[in-house]
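Visitor: Below you'll find final_18.pdb; it's PDB, C-alpha atoms and all ligand atoms.
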```pdb
ATOM      1  CA  MET A  28      90.725 107.949 176.277
ATOM      2  CA  GLN A  29      91.030 109.567 172.870
ATOM      3  CA  GLY A  30      88.908 112.028 170.948
ATOM      4  CA  GLN A  31      87.630 115.524 171.355
ATOM      5  CA  MET A  32      84.346 117.384 170.968
ATOM      6  CA  ALA A  33      83.602 116.806 167.298
ATOM      7  CA  ASP A  34      83.276 120.222 165.699
ATOM      8  CA  SER A  35      81.194 122.862 167.408
ATOM      9  CA  ALA A  36      78.221 124.114 165.437
ATOM     10  CA  PHE A  37      77.242 127.183 167.425
ATOM     11  CA  VAL A  38      76.622 128.383 170.939
ATOM     12  CA  SER A  39      73.002 128.249 172.047
ATOM     13  CA  ALA A  40      71.821 129.268 175.507
ATOM     14  CA  SER A  41      75.469 129.122 176.699
ATOM     15  CA  VAL A  42      75.668 125.425 175.859
ATOM     16  CA  ARG A  43      78.189 124.320 173.284
ATOM     17  CA  SER A  44      76.225 122.493 170.633
ATOM     18  CA  PRO A  45      77.887 119.285 169.452
ATOM     19  CA  GLY A  46      78.560 118.587 165.777
ATOM     20  CA  ILE A  47      77.228 115.021 165.890
ATOM     21  CA  ILE A  48      75.398 113.034 168.572
ATOM     22  CA  TYR A  49      75.497 109.359 169.485
ATOM     23  CA  GLY A  50      71.919 108.047 169.809
ATOM     24  CA  THR A  51      71.083 105.230 172.204
ATOM     25  CA  ALA A  52      67.648 103.977 171.126
ATOM     26  CA  TRP A  53      66.995 100.241 170.684
ATOM     27  CA  LYS A  54      70.264  99.097 172.257
ATOM     28  CA  GLN A  55      68.768  97.608 175.401
ATOM     29  CA  MET A  56      71.386  95.606 177.309
ATOM     30  CA  ARG A  57      74.130  96.606 174.860
ATOM     31  CA  THR A  58      73.668 100.283 175.716
ATOM     32  CA  GLU A  59      76.463 100.576 178.301
ATOM     33  CA  GLU A  60      79.035  98.810 176.136
ATOM     34  CA  LEU A  61      78.092 100.767 172.976
ATOM     35  CA  VAL A  62      78.027 104.158 174.694
ATOM     36  CA  ARG A  63      81.436 103.451 176.234
ATOM     37  CA  THR A  64      82.768 102.476 172.836
ATOM     38  CA  ALA A  65      81.264 105.573 171.222
ATOM     39  CA  ILE A  66      82.892 107.817 173.829
ATOM     40  CA  GLU A  67      86.212 105.999 173.449
ATOM     41  CA  GLN A  68      86.002 106.539 169.692
ATOM     42  CA  GLY A  69      85.519 110.281 170.222
ATOM     43  CA  PHE A  70      81.787 111.031 170.559
ATOM     44  CA  ARG A  71      81.163 113.681 173.186
ATOM     45  CA  ALA A  72      77.386 114.023 172.891
ATOM     46  CA  ILE A  73      74.875 111.341 173.869
ATOM     47  CA  ASP A  74      71.117 111.286 173.297
ATOM     48  CA  THR A  75      68.777 109.156 175.375
ATOM     49  CA  ALA A  76      65.259 109.251 176.840
ATOM     50  CA  CYS A  77      63.427 108.228 179.981
ATOM     51  CA  GLN A  78      61.378 105.838 177.853
ATOM     52  CA  PRO A  79      62.121 102.208 178.777
ATOM     53  CA  ARG A  80      60.208 100.988 175.719
ATOM     54  CA  HIS A  81      63.019 102.193 173.406
ATOM     55  CA  TYR A  82      65.946 103.340 175.602
ATOM     56  CA  HIS A  83      67.960 101.825 178.442
ATOM     57  CA  GLU A  84      68.822 105.080 180.245
ATOM     58  CA  PRO A  85      70.635 103.350 183.170
ATOM     59  CA  GLY A  86      73.051 101.837 180.618
ATOM     60  CA  VAL A  87      73.926 105.339 179.412
ATOM     61  CA  GLY A  88      74.520 106.422 183.022
ATOM     62  CA  ALA A  89      76.734 103.413 183.710
ATOM     63  CA  ALA A  90      78.846 104.180 180.620
ATOM     64  CA  VAL A  91      79.187 107.852 181.548
ATOM     65  CA  ALA A  92      80.109 106.958 185.141
ATOM     66  CA  ALA A  93      82.767 104.535 183.888
ATOM     67  CA  CYS A  94      84.259 107.206 181.620
ATOM     68  CA  VAL A  95      84.283 109.708 184.504
ATOM     69  CA  ARG A  96      85.994 107.094 186.704
ATOM     70  CA  ASP A  97      88.579 106.714 183.945
ATOM     71  CA  GLY A  98      89.401 110.416 184.110
ATOM     72  CA  MET A  99      86.912 112.181 181.859
ATOM     73  CA  SER A 100      85.174 115.170 183.424
ATOM     74  CA  ARG A 101      81.374 115.352 183.218
ATOM     75  CA  PRO A 102      81.418 118.783 181.473
ATOM     76  CA  GLU A 103      83.347 117.238 178.572
ATOM     77  CA  LEU A 104      80.173 115.351 177.728
ATOM     78  CA  TYR A 105      76.940 116.736 176.330
ATOM     79  CA  LEU A 106      74.104 114.590 177.702
ATOM     80  CA  GLN A 107      70.503 114.981 176.633
ATOM     81  CA  THR A 108      67.422 113.080 177.672
ATOM     82  CA  LYS A 109      63.696 113.357 177.104
ATOM     83  CA  PHE A 110      60.414 113.531 178.911
ATOM     84  CA  THR A 111      58.026 111.200 177.080
ATOM     85  CA  PRO A 112      54.286 111.897 177.439
ATOM     86  CA  LEU A 113      52.073 108.944 178.361
ATOM     87  CA  PRO A 114      51.052 107.780 174.825
ATOM     88  CA  GLY A 115      54.747 107.138 174.028
ATOM     89  CA  HIS A 116      55.170 104.587 176.816
ATOM     90  CA  ASP A 117      54.677 100.876 177.205
ATOM     91  CA  PRO A 118      51.790 100.975 179.759
ATOM     92  CA  GLN A 119      53.627  98.370 181.869
ATOM     93  CA  ARG A 120      56.776 100.497 182.133
ATOM     94  CA  VAL A 121      55.834 104.138 182.634
ATOM     95  CA  PRO A 122      58.635 105.867 184.569
ATOM     96  CA  TYR A 123      56.220 108.115 186.499
ATOM     97  CA  ASP A 124      52.772 107.981 188.035
ATOM     98  CA  PRO A 125      50.449 107.985 184.991
ATOM     99  CA  ALA A 126      47.634 109.385 187.120
ATOM    100  CA  ALA A 127      49.664 112.366 188.363
ATOM    101  CA  PRO A 128      49.130 115.834 186.876
ATOM    102  CA  PRO A 129      51.419 116.557 183.873
ATOM    103  CA  ALA A 130      53.831 118.786 185.847
ATOM    104  CA  GLN A 131      54.417 116.030 188.387
ATOM    105  CA  GLN A 132      54.939 113.499 185.616
ATOM    106  CA  VAL A 133      57.718 115.693 184.244
ATOM    107  CA  ALA A 134      59.326 116.107 187.683
ATOM    108  CA  GLN A 135      59.158 112.361 188.409
ATOM    109  CA  SER A 136      60.497 111.415 184.975
ATOM    110  CA  PHE A 137      63.365 113.887 185.322
ATOM    111  CA  ALA A 138      64.275 112.652 188.816
ATOM    112  CA  THR A 139      64.459 109.136 187.336
ATOM    113  CA  SER A 140      66.668 110.416 184.498
ATOM    114  CA  LEU A 141      69.144 112.006 186.920
ATOM    115  CA  ARG A 142      69.276 108.779 188.908
ATOM    116  CA  ASN A 143      69.684 106.667 185.776
ATOM    117  CA  LEU A 144      72.331 108.955 184.322
ATOM    118  CA  GLN A 145      74.215 109.320 187.640
ATOM    119  CA  THR A 146      74.489 113.060 187.146
ATOM    120  CA  ASP A 147      73.038 116.194 188.712
ATOM    121  CA  TYR A 148      72.256 117.973 185.442
ATOM    122  CA  VAL A 149      71.668 117.291 181.769
ATOM    123  CA  ASP A 150      72.792 119.530 178.946
ATOM    124  CA  CYS A 151      69.375 119.351 177.340
ATOM    125  CA  LEU A 152      65.934 118.117 178.354
ATOM    126  CA  ILE A 153      63.721 117.429 175.351
ATOM    127  CA  LEU A 154      59.961 117.088 175.221
ATOM    128  CA  HIS A 155      59.634 113.888 173.160
ATOM    129  CA  SER A 156      56.471 115.102 171.437
ATOM    130  CA  ALA A 157      54.047 117.961 171.930
ATOM    131  CA  LEU A 158      50.820 117.295 173.822
ATOM    132  CA  PRO A 159      47.671 117.822 171.756
ATOM    133  CA  ASP A 160      45.884 119.416 174.734
ATOM    134  CA  GLN A 161      47.093 123.044 174.960
ATOM    135  CA  ASP A 162      46.625 123.293 178.744
ATOM    136  CA  GLN A 163      48.637 120.140 179.313
ATOM    137  CA  MET A 164      51.294 121.338 176.880
ATOM    138  CA  ILE A 165      51.684 124.558 178.867
ATOM    139  CA  GLN A 166      51.881 122.670 182.168
ATOM    140  CA  VAL A 167      54.538 120.322 180.791
ATOM    141  CA  TRP A 168      56.668 123.086 179.311
ATOM    142  CA  GLU A 169      56.415 125.132 182.518
ATOM    143  CA  ALA A 170      57.527 122.093 184.525
ATOM    144  CA  MET A 171      60.519 121.773 182.198
ATOM    145  CA  GLU A 172      61.228 125.482 182.720
ATOM    146  CA  GLN A 173      61.303 124.902 186.464
ATOM    147  CA  ILE A 174      63.924 122.206 185.954
ATOM    148  CA  PHE A 175      65.888 124.635 183.785
ATOM    149  CA  HIS A 176      65.692 127.391 186.441
ATOM    150  CA  ALA A 177      66.779 124.954 189.159
ATOM    151  CA  GLY A 178      69.888 124.114 187.111
ATOM    152  CA  GLY A 179      68.808 120.554 186.284
ATOM    153  CA  ALA A 180      68.802 121.158 182.532
ATOM    154  CA  ARG A 181      71.077 123.620 180.756
ATOM    155  CA  GLN A 182      68.647 123.970 177.864
ATOM    156  CA  LEU A 183      65.256 122.727 176.710
ATOM    157  CA  GLY A 184      64.168 121.209 173.436
ATOM    158  CA  ILE A 185      61.290 119.664 171.532
ATOM    159  CA  SER A 186      61.115 116.624 169.283
ATOM    160  CA  ASN A 187      58.763 115.326 166.594
ATOM    161  CA  CYS A 188      57.580 118.830 165.847
ATOM    162  CA  SER A 189      57.061 118.973 162.110
ATOM    163  CA  ASP A 190      54.625 121.886 162.118
ATOM    164  CA  ALA A 191      56.490 125.194 161.832
ATOM    165  CA  ALA A 192      53.542 127.181 163.238
ATOM    166  CA  SER A 193      53.498 125.069 166.434
ATOM    167  CA  LEU A 194      57.216 125.559 166.919
ATOM    168  CA  GLN A 195      56.908 129.294 166.350
ATOM    169  CA  SER A 196      54.013 129.494 168.779
ATOM    170  CA  LEU A 197      55.986 127.618 171.463
ATOM    171  CA  TYR A 198      58.942 129.902 170.821
ATOM    172  CA  ARG A 199      56.748 133.001 171.141
ATOM    173  CA  THR A 200      54.985 131.992 174.332
ATOM    174  CA  ALA A 201      57.662 130.075 176.255
ATOM    175  CA  GLU A 202      59.637 131.903 178.889
ATOM    176  CA  VAL A 203      62.551 129.521 178.328
ATOM    177  CA  LYS A 204      62.745 129.170 174.569
ATOM    178  CA  PRO A 205      63.402 125.810 172.919
ATOM    179  CA  ALA A 206      67.120 125.647 172.127
ATOM    180  CA  VAL A 207      66.929 122.267 170.354
ATOM    181  CA  VAL A 208      64.565 120.731 167.795
ATOM    182  CA  GLN A 209      65.021 117.003 167.167
ATOM    183  CA  ASN A 210      63.147 115.737 164.115
ATOM    184  CA  ARG A 211      62.912 113.043 161.481
ATOM    185  CA  PHE A 212      64.845 114.153 158.442
ATOM    186  CA  TYR A 213      62.911 112.891 155.454
ATOM    187  CA  ALA A 214      61.095 113.787 152.273
ATOM    188  CA  GLN A 215      57.584 113.576 153.791
ATOM    189  CA  THR A 216      58.157 116.829 155.707
ATOM    190  CA  GLY A 217      60.049 118.492 152.843
ATOM    191  CA  TYR A 218      63.165 117.942 154.958
ATOM    192  CA  ASP A 219      61.794 120.506 157.413
ATOM    193  CA  HIS A 220      62.902 123.417 155.224
ATOM    194  CA  GLU A 221      60.702 125.966 156.990
ATOM    195  CA  ILE A 222      61.486 124.657 160.466
ATOM    196  CA  ARG A 223      65.200 124.602 159.754
ATOM    197  CA  GLU A 224      65.067 128.175 158.494
ATOM    198  CA  PHE A 225      63.311 129.233 161.711
ATOM    199  CA  CYS A 226      65.899 127.330 163.774
ATOM    200  CA  ARG A 227      68.694 129.095 161.904
ATOM    201  CA  GLN A 228      67.131 132.502 162.560
ATOM    202  CA  GLN A 229      66.669 131.814 166.285
ATOM    203  CA  ALA A 230      69.969 129.933 166.798
ATOM    204  CA  ILE A 231      68.029 126.780 167.693
ATOM    205  CA  SER A 232      70.070 123.638 167.186
ATOM    206  CA  TYR A 233      68.287 121.346 164.696
ATOM    207  CA  GLN A 234      69.055 117.645 165.261
ATOM    208  CA  SER A 235      68.154 115.018 162.673
ATOM    209  CA  PHE A 236      67.237 111.360 163.087
ATOM    210  CA  TRP A 237      66.239 108.691 160.511
ATOM    211  CA  THR A 238      68.852 110.554 158.469
ATOM    212  CA  LEU A 239      70.207 107.426 156.788
ATOM    213  CA  THR A 240      67.366 104.953 157.221
ATOM    214  CA  ALA A 241      64.681 107.220 155.682
ATOM    215  CA  ASN A 242      66.827 108.353 152.776
ATOM    216  CA  PRO A 243      67.981 105.422 150.620
ATOM    217  CA  ARG A 244      67.058 107.338 147.443
ATOM    218  CA  LEU A 245      69.215 110.274 148.467
ATOM    219  CA  LEU A 246      72.146 108.057 149.479
ATOM    220  CA  ALA A 247      72.017 106.302 146.103
ATOM    221  CA  HIS A 248      71.626 109.524 144.104
ATOM    222  CA  GLY A 249      74.364 110.242 141.540
ATOM    223  CA  VAL A 250      75.140 113.629 143.099
ATOM    224  CA  VAL A 251      75.943 111.942 146.425
ATOM    225  CA  THR A 252      77.743 108.896 145.003
ATOM    226  CA  THR A 253      79.916 111.111 142.759
ATOM    227  CA  LEU A 254      80.990 113.148 145.782
ATOM    228  CA  ALA A 255      81.608 109.944 147.735
ATOM    229  CA  ALA A 256      83.980 108.791 144.987
ATOM    230  CA  LYS A 257      85.688 112.196 144.778
ATOM    231  CA  TYR A 258      86.397 112.370 148.530
ATOM    232  CA  ALA A 259      86.884 108.603 148.993
ATOM    233  CA  ARG A 260      84.119 108.643 151.626
ATOM    234  CA  SER A 261      80.865 106.733 151.981
ATOM    235  CA  ALA A 262      77.519 108.128 150.833
ATOM    236  CA  ALA A 263      76.507 108.289 154.522
ATOM    237  CA  GLN A 264      79.520 110.483 155.256
ATOM    238  CA  ILE A 265      78.660 112.814 152.371
ATOM    239  CA  LEU A 266      75.080 113.206 153.616
ATOM    240  CA  PHE A 267      76.158 113.750 157.239
ATOM    241  CA  ARG A 268      78.803 116.261 156.124
ATOM    242  CA  TYR A 269      76.309 118.091 153.938
ATOM    243  CA  LEU A 270      74.010 118.382 156.942
ATOM    244  CA  THR A 271      76.650 119.586 159.374
ATOM    245  CA  GLN A 272      77.603 122.287 156.852
ATOM    246  CA  ASN A 273      73.920 123.300 156.842
ATOM    247  CA  ASP A 274      73.450 123.787 160.586
ATOM    248  CA  VAL A 275      72.045 120.292 161.170
ATOM    249  CA  VAL A 276      73.365 118.100 163.972
ATOM    250  CA  PRO A 277      72.915 114.467 162.908
ATOM    251  CA  LEU A 278      72.192 111.702 165.380
ATOM    252  CA  THR A 279      73.805 108.380 164.674
ATOM    253  CA  GLY A 280      72.937 105.238 166.560
ATOM    254  CA  THR A 281      75.354 102.948 164.778
ATOM    255  CA  THR A 282      76.379  99.732 166.519
ATOM    256  CA  SER A 283      79.480  99.363 164.350
ATOM    257  CA  VAL A 284      82.865 100.725 165.419
ATOM    258  CA  ALA A 285      83.812 101.232 161.766
ATOM    259  CA  HIS A 286      80.708 103.385 161.244
ATOM    260  CA  MET A 287      81.381 105.292 164.478
ATOM    261  CA  ARG A 288      84.821 106.193 163.107
ATOM    262  CA  GLU A 289      83.368 107.134 159.725
ATOM    263  CA  ASP A 290      80.710 109.299 161.352
ATOM    264  CA  LEU A 291      83.312 111.183 163.403
ATOM    265  CA  ALA A 292      85.607 111.517 160.371
ATOM    266  CA  ILE A 293      83.108 113.739 158.534
ATOM    267  CA  PHE A 294      84.817 116.739 160.137
ATOM    268  CA  GLU A 295      88.056 115.887 158.298
ATOM    269  CA  PHE A 296      86.785 117.161 154.946
ATOM    270  CA  GLN A 297      84.643 119.973 153.666
ATOM    271  CA  LEU A 298      82.207 120.183 150.733
ATOM    272  CA  THR A 299      82.512 123.262 148.522
ATOM    273  CA  ALA A 300      79.685 125.784 148.155
ATOM    274  CA  ALA A 301      78.867 124.368 144.693
ATOM    275  CA  GLU A 302      78.755 120.819 146.076
ATOM    276  CA  LEU A 303      76.503 121.887 148.939
ATOM    277  CA  GLU A 304      74.181 123.467 146.408
ATOM    278  CA  ALA A 305      74.218 120.296 144.272
ATOM    279  CA  VAL A 306      73.253 118.069 147.221
ATOM    280  CA  GLY A 307      70.656 120.609 148.368
ATOM    281  CA  SER A 308      69.057 120.541 144.911
ATOM    282  CA  VAL A 309      68.292 116.799 145.184
ATOM    283  CA  LEU A 310      66.772 116.960 148.684
TER
HETATM  284  N1  LIG B 401      63.126 111.849 169.076
HETATM  285  C1  LIG B 401      62.699 110.731 168.551
HETATM  286  O1  LIG B 401      61.496 110.450 168.508
HETATM  287  C2  LIG B 401      63.706 109.769 167.976
HETATM  288  C3  LIG B 401      63.263 108.744 167.125
HETATM  289  C4  LIG B 401      64.213 107.885 166.579
HETATM  290  C5  LIG B 401      65.551 108.039 166.905
HETATM  291  N2  LIG B 401      65.950 109.033 167.755
HETATM  292  C6  LIG B 401      67.371 109.180 168.134
HETATM  293  O2  LIG B 401      68.174 109.145 166.975
HETATM  294  C7  LIG B 401      69.153 108.112 167.091
HETATM  295  C8  LIG B 401      69.485 107.590 165.714
HETATM  296  O3  LIG B 401      68.401 106.841 165.239
HETATM  297  P1  LIG B 401      68.072 106.682 163.672
HETATM  298  O4  LIG B 401      66.638 106.307 163.603
HETATM  299  O5  LIG B 401      68.533 107.896 162.943
HETATM  300  O6  LIG B 401      68.883 105.440 163.182
HETATM  301  P2  LIG B 401      70.174 104.702 163.691
HETATM  302  O7  LIG B 401      69.844 103.964 164.935
HETATM  303  O8  LIG B 401      71.307 105.675 163.708
HETATM  304  O9  LIG B 401      70.374 103.637 162.567
HETATM  305  C9  LIG B 401      71.173 103.894 161.456
HETATM  306  C10 LIG B 401      71.216 102.646 160.584
HETATM  307  O10 LIG B 401      72.070 102.928 159.503
HETATM  308  C11 LIG B 401      73.139 101.974 159.478
HETATM  309  N3  LIG B 401      74.375 102.634 158.991
HETATM  310  C12 LIG B 401      74.998 102.378 157.845
HETATM  311  N4  LIG B 401      76.072 103.154 157.671
HETATM  312  C13 LIG B 401      76.162 103.948 158.732
HETATM  313  C14 LIG B 401      77.049 104.967 159.124
HETATM  314  N5  LIG B 401      78.114 105.362 158.450
HETATM  315  N6  LIG B 401      76.790 105.579 160.287
HETATM  316  C15 LIG B 401      75.737 105.251 161.006
HETATM  317  N7  LIG B 401      74.868 104.273 160.692
HETATM  318  C16 LIG B 401      75.068 103.616 159.564
HETATM  319  C17 LIG B 401      73.243 101.457 160.891
HETATM  320  O11 LIG B 401      73.779 100.156 160.893
HETATM  321  P3  LIG B 401      75.030  99.764 161.835
HETATM  322  O12 LIG B 401      74.530  99.709 163.244
HETATM  323  O13 LIG B 401      75.441  98.454 161.292
HETATM  324  O14 LIG B 401      76.050 100.841 161.619
HETATM  325  C18 LIG B 401      71.787 101.468 161.327
HETATM  326  O15 LIG B 401      71.132 100.295 160.891
HETATM  327  C19 LIG B 401      68.508 107.113 168.050
HETATM  328  O16 LIG B 401      69.455 106.284 168.685
HETATM  329  C20 LIG B 401      67.850 108.046 169.031
HETATM  330  O17 LIG B 401      68.801 108.530 169.952
HETATM  331  C21 LIG B 401      65.050 109.899 168.277
END
```
How does this structure look as structure tokens?
Guide:
Amino acid sequence: MQGQMADSAFVSASVRSPGIIYGTAWKQMRTEELVRTAIEQGFRAIDTACQPRHYHEPGVGAAVAACVRDGMSRPELYLQTKFTPLPGHDPQRVPYDPAAPPAQQVAQSFATSLRNLQTDYVDCLILHSALPDQDQMIQVWEAMEQIFHAGGARQLGISNCSDAASLQSLYRTAEVKPAVVQNRFYAQTGYDHEIREFCRQQAISYQSFWTLTANPRLLAHGVVTTLAAKYARSAAQILFRYLTQNDVVPLTGTTSVAHMREDLAIFEFQLTAAELEAVGSVL
């Protein structure tokens, strides 16, 4: 098995943050094969969710187990999964008792994740989206904190949190602070400038999704295409490299081996300060 942990952005809550993450949404029965391939190509961080509507978590577990059987040690991999509140589920396939109190839903979902992933801990447990009801939000986060304290999750995170004030409030009030924010990276939220600044200040790892699919204008922009020509890289590689040099950890869910290789190869070159500024000016 080849490859190594692709770059290391910074240490957060004693967990080594990966430089790039392989995402497993929408792969259904191809999940095991694609995750195995991604790990063989060199990915060391995998994102999934206990949300059967979009993710096949048991496929991720089967791939990880196969890699461990082949000699990889579990700590070489960074595995993160999510607790998805009820509105995010297909009502026919909720992986917990929908009538249970929120804390029990979290515990049941997490027990399913550990079973699916064939592991006794995850590197990060992410709340897929905040709950609008403040009481329920507190109960859910506290249940995640219990999992953290019991050693089931090495760190906690939150996703789809585009309101900086909500993130700051969670950070202020939580006993176990969010160590990861996973958000859509697109123009509609001003590319999360304020949230990313807060993450930088608090050493929270900011993970981006929709990075390529939501940004065709950016990928076609002259600033990006000129850099692509200069470095003999694709526009996607330039954007991913720009992000990793700006404390963003991109998720990539590519199904193509060629794209997997390209995504991992972003750590082979470096944009200059002036080039970073040029790309930043067209965001
Ligand atoms: N927290 C959330 O709510 C949430 C929501 C959405 C996604 N996610 C996570 O983020 C992951 C990534 O999802 P995404 O929405 O950003 O999109 P994605 O699944 O990564 O899709 C990227 C698209 O870009 C194409 N592509 C072209 N060049 C590429 C290159 N060099 N590298 C990678 N892809 C390239 C891919 O096609 P090919 O397959 O042909 O390469 C694919 O169609 C998901 O798997 C999931 O883990 C989380």
Visitor: List the residues selected by the PyMOL selection byres (((chain A and resi 205) around 8) and not hetatm) in the file shown, writing them as a VMD selection string.
Guide: chain A and resid 182 to 185 197 to 198 201 203 to 204 206 to 208 231
Visitor: Do you know which residues are within 7 Å of ligand LIG 401 (chain B) using only C-alpha atoms and all ligand atoms? Can you write them as number ranges by chain?
Guide: A: 49-53, 74-75, 155, 186-187, 209-210, 236-240, 263-264, 278-283, 286-287, 289-290
Visitor: Smallest atom-to-atom distance to Ile47 in chain A: which of A:Ile73, A:Lys109, A:Leu194, A:Thr64, using only C-alpha atoms?
Guide: A:Ile73
Visitor: If I take CA of Phe225 in chain A and CA of Glu295 in chain A, how far is one from the other in Å, to one decimal?
Guide: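 Between CA of Phe225 in chain A and CA of Glu295 in chain A the gap is 28.3 Å.
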Visitor: Just how far from CA of Pro122 in chain A is CA of Ala180 in chain A, in Å to one decimal?
Guide: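 Separation of CA of Ala180 in chain A and CA of Pro122 in chain A: 18.5 Å.
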Visitor: Which residues would end up in the selection if the PyMOL selection byres (((chain A and resi 79) around 10) and not hetatm) were applied here, given that I need the answer as a short mmCIF file (atom, residue, chain, number, x, y, z; two decimals) with C-alpha atoms, keeping the file's coordinate frame?
Guide:
```
data_model
loop_
_atom_site.label_atom_id
_atom_site.label_comp_id
_atom_site.auth_asym_id
_atom_site.auth_seq_id
_atom_site.Cartn_x
_atom_site.Cartn_y
_atom_site.Cartn_z
CA ALA A 52 67.65 103.98 171.13
CA TRP A 53 67.00 100.24 170.68
CA GLN A 55 68.77 97.61 175.40
CA ALA A 76 65.26 109.25 176.84
CA CYS A 77 63.43 108.23 179.98
CA GLN A 78 61.38 105.84 177.85
CA ARG A 80 60.21 100.99 175.72
CA HIS A 81 63.02 102.19 173.41
CA TYR A 82 65.95 103.34 175.60
CA HIS A 83 67.96 101.82 178.44
CA GLU A 84 68.82 105.08 180.24
CA PRO A 85 70.64 103.35 183.17
CA HIS A 116 55.17 104.59 176.82
CA ASP A 117 54.68 100.88 177.20
CA GLN A 119 53.63 98.37 181.87
CA ARG A 120 56.78 100.50 182.13
CA VAL A 121 55.83 104.14 182.63
CA PRO A 122 58.64 105.87 184.57
#
```
Visitor: Please return as a list in words every residue within 12 Å of (66.4, 128.4, 161.2), taking into account all atoms listed in the file and the file's own coordinates.
Guide: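 Within 12 Å of (66.4, 128.4, 161.2), the protein and nucleic acid residues are Ala191, Leu194, Gln195, Ala206, Val207, Val208, Asp219, His220, Glu221, Ile222, Arg223, Glu224, Phe225, Cys226, Arg227, Gln228, Gln229, Ala230, Ile231, Ser232, Tyr233, Gln234, Asn273, Asp274 and Val275 of chain A.
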Visitor: Evaluate the PyMOL selection byres (((chain A and resi 105) around 12) and not hetatm) against this structure - the residues, as a PyMOL selection string, please.
Guide: chain A and resi 31-33+35+42-50+66+70-75+91+100-104+106-108+146+148-152+180-182
Visitor: Quick one: 3 Å padding each side, axis-aligned, all listed atoms of range 288-298 of chain A - centre and edge lengths in Å to one decimal, as lines of an AutoDock Vina configuration file?
Guide:
```
center_x = 84.4
center_y = 113.2
center_z = 157.1
size_x = 13.3
size_y = 20.0
size_z = 18.7
```
Visitor: Figure out the distance between CA of Ala259 in chain A and CA of Pro277 in chain A, please, to one decimal in Å.
Guide: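 Value for the CA of Pro277 in chain A-CA of Ala259 in chain A distance: 20.6 Å.
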Visitor: Between A:Glu59, A:Gly217, A:Pro112, A:Gln68, which has the minimum distance to Val87 in chain A (counting all atoms listed in the file)?
Guide: A:Glu59
Visitor: What's the 12 Å shell around Ala134 in chain A, counting all atoms listed in the file, without same-chain residues fewer than 4 positions away, as a list in words?
Guide: Cys77, Lys109, Phe110, Thr111, Pro122, Tyr123, Asp124, Ala127, Pro128, Pro129, Ala130, Ala138, Thr139, Ser140, Leu141, Leu152, Gln166, Val167, Trp168, Glu169, Ala170, Met171, Glu172, Gln173, Ile174, Phe175, Ala177, Gly179 and Ala180 of chain A
Visitor: Of the candidates A:Leu291, A:Val284, A:Val309, A:Leu246, which shows the shortest atom-to-atom distance to Glu60 in chain A, using all atoms listed in the file?
Guide: A:Val284
Visitor: Can you tell me which residues surround Ala247 in chain A at a distance of at most 12 Å, considering all atoms listed in the file, apart from same-chain residues fewer than 4 positions away, and format the answer as a count of residues only?
Guide: 15
Visitor: Taking the point (63.5, 111.7, 151.9) as given in the file, collect each protein or nucleic acid residue that comes within 7 Å of it, counting only C-alpha atoms, and present the set as a PyMOL selection string.
Guide: chain A and resi 213-215+218+241-242+245+310
Visitor: Name the closest residue to Ser136 in chain A among the candidates A:Ile153, A:Ile165, A:Ala93, A:Met99; distances are taken between atoms, counting all atoms listed in the file.
Guide: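 Nearest to Ser136 in chain A: A:Ile153.
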